[in-house]
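Enquirer: This one is target17.cif, mmCIF, C-alpha atoms.
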data_upload
#
loop_
_atom_site.group_PDB
_atom_site.id
_atom_site.type_symbol
_atom_site.label_atom_id
_atom_site.label_comp_id
_atom_site.auth_asym_id
_atom_site.auth_seq_id
_atom_site.Cartn_x
_atom_site.Cartn_y
_atom_site.Cartn_z
ATOM 1 C CA MET A 1 25.451 -13.008 0.570
ATOM 2 C CA GLU A 2 27.639 -13.314 3.665
ATOM 3 C CA ASN A 3 29.988 -10.778 2.116
ATOM 4 C CA LEU A 4 27.122 -8.349 1.442
ATOM 5 C CA ILE A 5 25.834 -8.502 5.035
ATOM 6 C CA HIS A 6 29.359 -7.892 6.332
ATOM 7 C CA MET A 7 29.746 -4.911 3.986
ATOM 8 C CA ILE A 8 26.430 -3.387 5.083
ATOM 9 C CA GLY A 9 27.385 -3.806 8.747
ATOM 10 C CA ALA A 10 30.776 -2.188 8.206
ATOM 11 C CA LYS A 11 29.476 0.820 6.240
ATOM 12 C CA PHE A 12 26.060 1.296 7.854
ATOM 13 C CA ASN A 13 26.635 4.986 8.678
ATOM 14 C CA TYR A 14 27.457 5.864 5.084
ATOM 15 C CA ILE A 15 24.414 3.978 3.750
ATOM 16 C CA ALA A 16 22.195 5.791 6.294
ATOM 17 C CA TYR A 17 23.652 9.163 5.312
ATOM 18 C CA ILE A 18 22.965 8.535 1.610
ATOM 19 C CA ILE A 19 19.373 7.466 2.416
ATOM 20 C CA LEU A 20 18.801 10.578 4.559
ATOM 21 C CA MET A 21 20.264 12.819 1.855
ATOM 22 C CA MET A 22 17.909 11.310 -0.739
ATOM 23 C CA ILE A 23 14.925 11.790 1.620
ATOM 24 C CA GLY A 24 15.824 15.459 1.980
ATOM 25 C CA LEU A 25 16.348 15.921 -1.760
ATOM 26 C CA TYR A 26 13.000 14.226 -2.501
ATOM 27 C CA ALA A 27 11.215 16.539 -0.048
ATOM 28 C CA LEU A 28 12.912 19.597 -1.581
ATOM 29 C CA ILE A 29 11.893 18.646 -5.139
ATOM 30 C CA ALA A 30 8.609 16.758 -4.901
ATOM 31 C CA LYS A 31 6.741 18.174 -1.888
ATOM 32 C CA ASN A 32 4.190 20.887 -2.575
ATOM 33 C CA ASN A 33 4.058 22.586 0.822
ATOM 34 C CA LEU A 34 6.673 25.209 1.711
ATOM 35 C CA VAL A 35 7.152 24.079 5.331
ATOM 36 C CA LYS A 36 7.653 20.476 4.135
ATOM 37 C CA LYS A 37 10.331 21.731 1.730
ATOM 38 C CA ILE A 38 12.080 23.571 4.578
ATOM 39 C CA ILE A 39 12.013 20.440 6.768
ATOM 40 C CA GLY A 40 13.525 18.516 3.838
ATOM 41 C CA MET A 41 16.308 21.087 3.566
ATOM 42 C CA SER A 42 17.084 20.634 7.256
ATOM 43 C CA ILE A 43 17.171 16.822 6.865
ATOM 44 C CA PHE A 44 19.638 17.271 3.971
ATOM 45 C CA GLN A 45 21.936 19.439 6.120
ATOM 46 C CA THR A 46 21.786 16.947 8.996
ATOM 47 C CA SER A 47 22.800 14.107 6.676
ATOM 48 C CA ILE A 48 25.949 15.990 5.675
ATOM 49 C CA ILE A 49 26.808 16.505 9.358
ATOM 50 C CA LEU A 50 26.280 12.750 9.912
ATOM 51 C CA PHE A 51 28.795 12.002 7.141
ATOM 52 C CA TYR A 52 31.477 14.225 8.669
ATOM 53 C CA VAL A 53 31.006 12.882 12.208
ATOM 54 C CA SER A 54 31.159 9.310 10.828
ATOM 55 C CA THR A 55 34.504 9.982 9.172
ATOM 56 C CA ALA A 56 35.956 11.095 12.528
ATOM 57 C CA TYR A 57 34.964 7.926 14.405
ATOM 58 C CA LYS A 58 37.549 5.291 15.393
ATOM 59 C CA THR A 59 36.407 2.004 16.892
ATOM 60 C CA GLY A 60 37.359 1.549 20.537
ATOM 61 C CA LYS A 61 39.159 4.881 20.972
ATOM 62 C CA ALA A 62 38.515 7.509 23.655
ATOM 63 C CA ILE A 63 36.484 10.685 23.194
ATOM 64 C CA PRO A 64 38.812 13.675 22.536
ATOM 65 C CA ILE A 65 39.161 14.946 26.116
ATOM 66 C CA VAL A 66 42.629 14.677 27.731
ATOM 67 C CA GLU A 67 42.471 13.583 31.373
ATOM 68 C CA HIS A 68 44.832 15.518 33.681
ATOM 69 C CA GLY A 69 46.039 17.550 30.722
ATOM 70 C CA HIS A 70 47.686 20.250 32.834
ATOM 71 C CA GLY A 71 50.892 19.385 34.601
ATOM 72 C CA ALA A 72 51.253 15.895 33.159
ATOM 73 C CA HIS A 73 54.536 15.034 31.492
ATOM 74 C CA SER A 74 53.409 11.886 29.692
ATOM 75 C CA VAL A 75 53.203 11.869 25.904
ATOM 76 C CA ILE A 76 49.729 12.064 24.358
ATOM 77 C CA HIS A 77 49.249 10.028 21.198
ATOM 78 C CA ALA A 78 46.659 11.432 18.792
ATOM 79 C CA THR A 79 45.870 7.929 17.538
ATOM 80 C CA ASP A 80 44.348 7.045 20.931
ATOM 81 C CA TYR A 81 41.552 9.591 20.501
ATOM 82 C CA ILE A 82 38.672 10.184 18.084
ATOM 83 C CA ASN A 83 39.553 12.932 15.588
ATOM 84 C CA PRO A 84 37.990 16.193 16.936
ATOM 85 C CA LEU A 85 38.553 18.375 13.845
ATOM 86 C CA PRO A 86 35.344 17.369 11.935
ATOM 87 C CA HIS A 87 33.364 17.857 15.169
ATOM 88 C CA VAL A 88 34.500 21.475 15.422
ATOM 89 C CA LEU A 89 33.670 22.123 11.756
ATOM 90 C CA MET A 90 30.201 20.606 12.213
ATOM 91 C CA LEU A 91 29.452 22.803 15.249
ATOM 92 C CA THR A 92 29.570 25.753 12.837
ATOM 93 C CA ALA A 93 27.397 23.844 10.343
ATOM 94 C CA ILE A 94 24.680 23.237 12.986
ATOM 95 C CA VAL A 95 24.498 26.943 13.845
ATOM 96 C CA VAL A 96 24.348 27.880 10.139
ATOM 97 C CA SER A 97 21.592 25.287 9.629
ATOM 98 C CA VAL A 98 19.427 26.844 12.355
ATOM 99 C CA ALA A 99 19.998 30.325 10.911
ATOM 100 C CA THR A 100 18.904 29.216 7.426
ATOM 101 C CA LEU A 101 15.869 27.458 8.946
ATOM 102 C CA GLY A 102 14.813 30.678 10.699
ATOM 103 C CA VAL A 103 15.236 32.820 7.577
ATOM 104 C CA ALA A 104 13.371 30.283 5.405
ATOM 105 C CA LEU A 105 10.443 30.062 7.836
ATOM 106 C CA ALA A 106 10.252 33.877 8.037
ATOM 107 C CA LEU A 107 10.076 34.006 4.216
ATOM 108 C CA ALA A 108 7.338 31.323 4.284
ATOM 109 C CA ILE A 109 5.317 33.467 6.733
ATOM 110 C CA LYS A 110 5.675 36.485 4.410
ATOM 111 C CA VAL A 111 4.547 34.364 1.424
ATOM 112 C CA TYR A 112 1.515 33.173 3.408
ATOM 113 C CA ARG A 113 0.556 36.764 4.284
ATOM 114 C CA GLN A 114 0.849 37.775 0.624
ATOM 115 C CA TYR A 115 -0.971 34.846 -1.021
ATOM 116 C CA GLY A 116 -3.001 33.213 1.773
ATOM 117 C CA THR A 117 -1.650 29.727 1.130
ATOM 118 C CA LEU A 118 1.503 27.666 1.599
ATOM 119 C CA GLU A 119 0.972 25.334 -1.391
ATOM 120 C CA GLU A 120 3.379 25.961 -4.238
ATOM 121 C CA ASP A 121 0.960 25.285 -7.130
ATOM 122 C CA ASP A 122 -1.674 27.669 -5.675
ATOM 123 C CA ILE A 123 0.985 30.395 -5.343
ATOM 124 C CA ASN A 124 2.119 29.766 -8.934
ATOM 125 C CA SER A 125 -1.434 29.972 -10.301
ATOM 126 C CA GLN A 126 -2.074 33.221 -8.392
ATOM 127 C CA ILE A 127 1.131 34.719 -9.799
ATOM 128 C CA ARG A 128 0.094 33.608 -13.297
ATOM 129 C CA ILE A 129 -3.370 35.194 -12.913
ATOM 130 C CA GLN A 130 -1.837 38.471 -11.690
ATOM 131 C CA ALA A 131 0.619 38.530 -14.591
ATOM 132 C CA GLY A 132 -2.116 37.728 -17.113
ATOM 133 C CA LYS A 133 -4.459 40.621 -16.322
ATOM 134 C CA MET B 1 31.541 1.576 13.205
ATOM 135 C CA SER B 2 29.153 -1.358 13.428
ATOM 136 C CA LEU B 3 27.939 -0.968 17.005
ATOM 137 C CA PRO B 4 24.455 -2.544 17.327
ATOM 138 C CA ILE B 5 23.015 0.518 19.141
ATOM 139 C CA ASP B 6 24.398 2.731 16.377
ATOM 140 C CA MET B 7 22.550 0.718 13.731
ATOM 141 C CA ILE B 8 19.314 0.725 15.777
ATOM 142 C CA ILE B 9 19.415 4.497 16.321
ATOM 143 C CA LEU B 10 20.236 5.218 12.653
ATOM 144 C CA SER B 11 17.361 2.990 11.511
ATOM 145 C CA LEU B 12 15.025 4.978 13.796
ATOM 146 C CA VAL B 13 16.471 8.205 12.352
ATOM 147 C CA VAL B 14 15.647 7.089 8.804
ATOM 148 C CA VAL B 15 12.105 6.049 9.834
ATOM 149 C CA SER B 16 11.421 9.354 11.612
ATOM 150 C CA GLY B 17 12.878 11.289 8.669
ATOM 151 C CA ILE B 18 10.436 9.570 6.299
ATOM 152 C CA ALA B 19 7.605 10.203 8.795
ATOM 153 C CA ALA B 20 8.475 13.911 9.140
ATOM 154 C CA ILE B 21 7.969 14.599 5.436
ATOM 155 C CA SER B 22 4.906 12.359 4.973
ATOM 156 C CA VAL B 23 2.679 13.423 7.910
ATOM 157 C CA LYS B 24 -0.482 15.178 6.657
ATOM 158 C CA ASP B 25 -0.364 17.870 9.361
ATOM 159 C CA LEU B 26 2.246 20.610 9.698
ATOM 160 C CA LEU B 27 2.220 20.716 13.524
ATOM 161 C CA GLY B 28 2.680 16.942 13.583
ATOM 162 C CA ALA B 29 5.514 17.289 11.069
ATOM 163 C CA ALA B 30 7.230 19.823 13.356
ATOM 164 C CA ILE B 31 6.988 17.480 16.350
ATOM 165 C CA VAL B 32 8.218 14.437 14.379
ATOM 166 C CA PHE B 33 11.095 16.575 13.106
ATOM 167 C CA SER B 34 11.969 17.378 16.732
ATOM 168 C CA ALA B 35 12.058 13.635 17.482
ATOM 169 C CA TYR B 36 14.304 13.187 14.417
ATOM 170 C CA SER B 37 16.738 15.807 15.721
ATOM 171 C CA PHE B 38 16.852 14.201 19.157
ATOM 172 C CA LEU B 39 17.547 10.736 17.694
ATOM 173 C CA MET B 40 20.330 12.249 15.583
ATOM 174 C CA CYS B 41 21.761 13.809 18.786
ATOM 175 C CA LEU B 42 21.746 10.348 20.440
ATOM 176 C CA SER B 43 23.568 8.916 17.432
ATOM 177 C CA TRP B 44 26.316 11.533 17.738
ATOM 178 C CA ALA B 45 26.714 10.859 21.458
ATOM 179 C CA VAL B 46 27.195 7.161 20.578
ATOM 180 C CA MET B 47 29.837 8.082 17.997
ATOM 181 C CA GLY B 48 31.848 10.077 20.564
ATOM 182 C CA ALA B 49 31.042 13.594 19.333
ATOM 183 C CA VAL B 50 29.732 14.916 22.640
ATOM 184 C CA ASP B 51 30.111 18.620 21.772
ATOM 185 C CA VAL B 52 28.146 18.187 18.557
ATOM 186 C CA ALA B 53 25.585 16.139 20.501
ATOM 187 C CA PHE B 54 24.741 18.753 23.082
ATOM 188 C CA THR B 55 24.748 21.557 20.530
ATOM 189 C CA GLU B 56 22.272 19.551 18.453
ATOM 190 C CA ALA B 57 20.142 18.817 21.555
ATOM 191 C CA THR B 58 19.775 22.499 22.417
ATOM 192 C CA VAL B 59 19.811 24.112 18.973
ATOM 193 C CA GLY B 60 18.428 21.386 16.717
ATOM 194 C CA ALA B 61 15.826 19.738 18.910
ATOM 195 C CA GLY B 62 15.034 22.868 20.932
ATOM 196 C CA VAL B 63 15.237 26.100 18.965
ATOM 197 C CA SER B 64 14.325 24.769 15.510
ATOM 198 C CA THR B 65 11.204 23.074 16.930
ATOM 199 C CA VAL B 66 10.178 26.394 18.474
ATOM 200 C CA PHE B 67 10.762 28.080 15.080
ATOM 201 C CA CYS B 68 8.671 25.462 13.238
ATOM 202 C CA VAL B 69 5.794 25.585 15.756
ATOM 203 C CA ALA B 70 5.807 29.411 15.708
ATOM 204 C CA ALA B 71 5.730 29.406 11.886
ATOM 205 C CA VAL B 72 2.824 26.926 11.875
ATOM 206 C CA PHE B 73 0.875 29.076 14.341
ATOM 207 C CA HIS B 74 1.465 32.159 12.186
ATOM 208 C CA THR B 75 0.310 30.388 9.012
ATOM 209 C CA THR B 76 -1.858 27.275 8.808
ATOM 210 C CA ARG B 77 -1.779 23.619 9.848
ATOM 211 C CA ARG B 78 -3.401 22.250 6.724
ATOM 212 C CA THR B 79 -1.362 20.716 3.935
ATOM 213 C CA LYS B 80 -2.193 18.699 0.830
ATOM 214 C CA ASP B 81 0.786 16.351 0.920
#
In structure tokens, how does this file's structure come out?
Expert:
Amino acid sequence: MENLIHMIGAKFNYIAYIILMMIGLYALIAKNNLVKKIIGMSIFQTSIILFYVSTAYKTGKAIPIVEHGHGAHSVIHATDYINPLPHVLMLTAIVVSVATLGVALALAIKVYRQYGTLEEDDINSQIRIQAGK
Amino acid sequence: MSLPIDMIILSLVVVSGIAAISVKDLLGAAIVFSAYSFLMCLSWAVMGAVDVAFTEATVGAGVSTVFCVAAVFHTTRRTKD
């Protein structure tokens, strides 16, 4: 029991990222409303970004900004700083996530103008009626 | 990794993520999703990723909330789940 609590405390970020990913996947599969599905997709993307930023973290180290970087002759050790490479990759992922959110919401608005509803089962039944006649 | 404030903020993130997909109102879901993005931004500032944190604060909590609210005003607020 003591061991389990210690393990949860040490890996809390990874447990939280798995929980958030499952929340997003549940919303993508089980929710009926299109805007709820899009919000679930955004939660899924954010959980992946949380995983990458958690891998870069080092306990007790400085943020990756070099003080007096110009003109100093002292040696800079990379192990004294948090790893900035996953941060730079995740900046791109955030911008891509907002772009996909905008495109998905624009498609949801077009679907609403066509069918008059945002619920997936209503849209499916209307498509089935149109195909049947 | 096991900072107490980190665990508190991530617990709030999980709670607001569950709330964002279970609110019975799309405008409310957009606002709770904005709160989720801001809490996630706080969590990244705690973990030392300041560039990711301010990009998320402007783009995630700002622009995507505006997109969601604009989409809700162009469609409808009502939802069944």
Enquirer: At a cut-off of 6 Å, list the chain A residues touching chain B, using all atoms listed in the file, as a list in words.
Expert: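 Going by the stated atoms only, the list reads Gly9, Ala10, Ile63 and Leu91 of chain A.
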Enquirer: With a distance cut-off of 6 Å and all atoms listed in the file, select the neighbouring residues of Ser34 of chain B, excluding the residue or stretch itself and same-chain residues fewer than 3 positions from it, and output the selection as a PDB file with C-alpha atoms, keeping the file's coordinate frame.
Expert:
ATOM      1  CA  ILE B  31       6.988  17.480  16.350  1.00  0.00           C
ATOM      2  CA  SER B  37      16.738  15.807  15.721  1.00  0.00           C
ATOM      3  CA  ALA B  61      15.826  19.738  18.910  1.00  0.00           C
ATOM      4  CA  THR B  65      11.204  23.074  16.930  1.00  0.00           C
TER       5      THR B  65
END
Enquirer: So how many Å separate atom CA of Ile39 of chain A and atom CA of Val32 of chain B, to one decimal?
Expert: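 About the pair atom CA of Ile39 of chain A and atom CA of Val32 of chain B: they are 10.4 Å apart.
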Enquirer: If you measure from atom CA of Ser47 of chain A to atom CA of Leu85 of chain A, what distance in Å do you get, rounded to one decimal?
Expert: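 Taking atom CA of Ser47 of chain A and atom CA of Leu85 of chain A, their separation equals 17.8 Å.
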Enquirer: On this structure, which residues satisfy the PyMOL selection byres ((chain A and resi 111) around 12), written as a list of chain:residue names?
Expert: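 Taken on the displayed file, the PyMOL selection byres ((chain A and resi 111) around 12) yields the residues A:Asn33, A:Leu34, A:Val35, A:Ala104, A:Leu105, A:Ala106, A:Leu107, A:Ala108, A:Ile109, A:Lys110, A:Tyr112, A:Arg113, A:Gln114, A:Tyr115, A:Gly116, A:Thr117, A:Leu118, A:Glu119, A:Glu120, A:Asp122, A:Ile123, A:Asn124, A:Gln126, A:Ile127, B:Ala71, B:His74, B:Thr75.
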Enquirer: Atom CA of Pro86 of chain A and atom CA of Phe44 of chain A are how many Å apart?
Expert: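 Between atom CA of Pro86 of chain A and atom CA of Phe44 of chain A the gap works out to 17.6 Å.
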Enquirer: Return the single residue from B:Val69, B:Leu27, B:Ile5, B:Leu12 that is closest to Leu39 of chain B, with distances computed using only C-alpha atoms.
Expert: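 Among the listed residues, the smallest separation from Leu39 of chain B belongs to B:Leu12.
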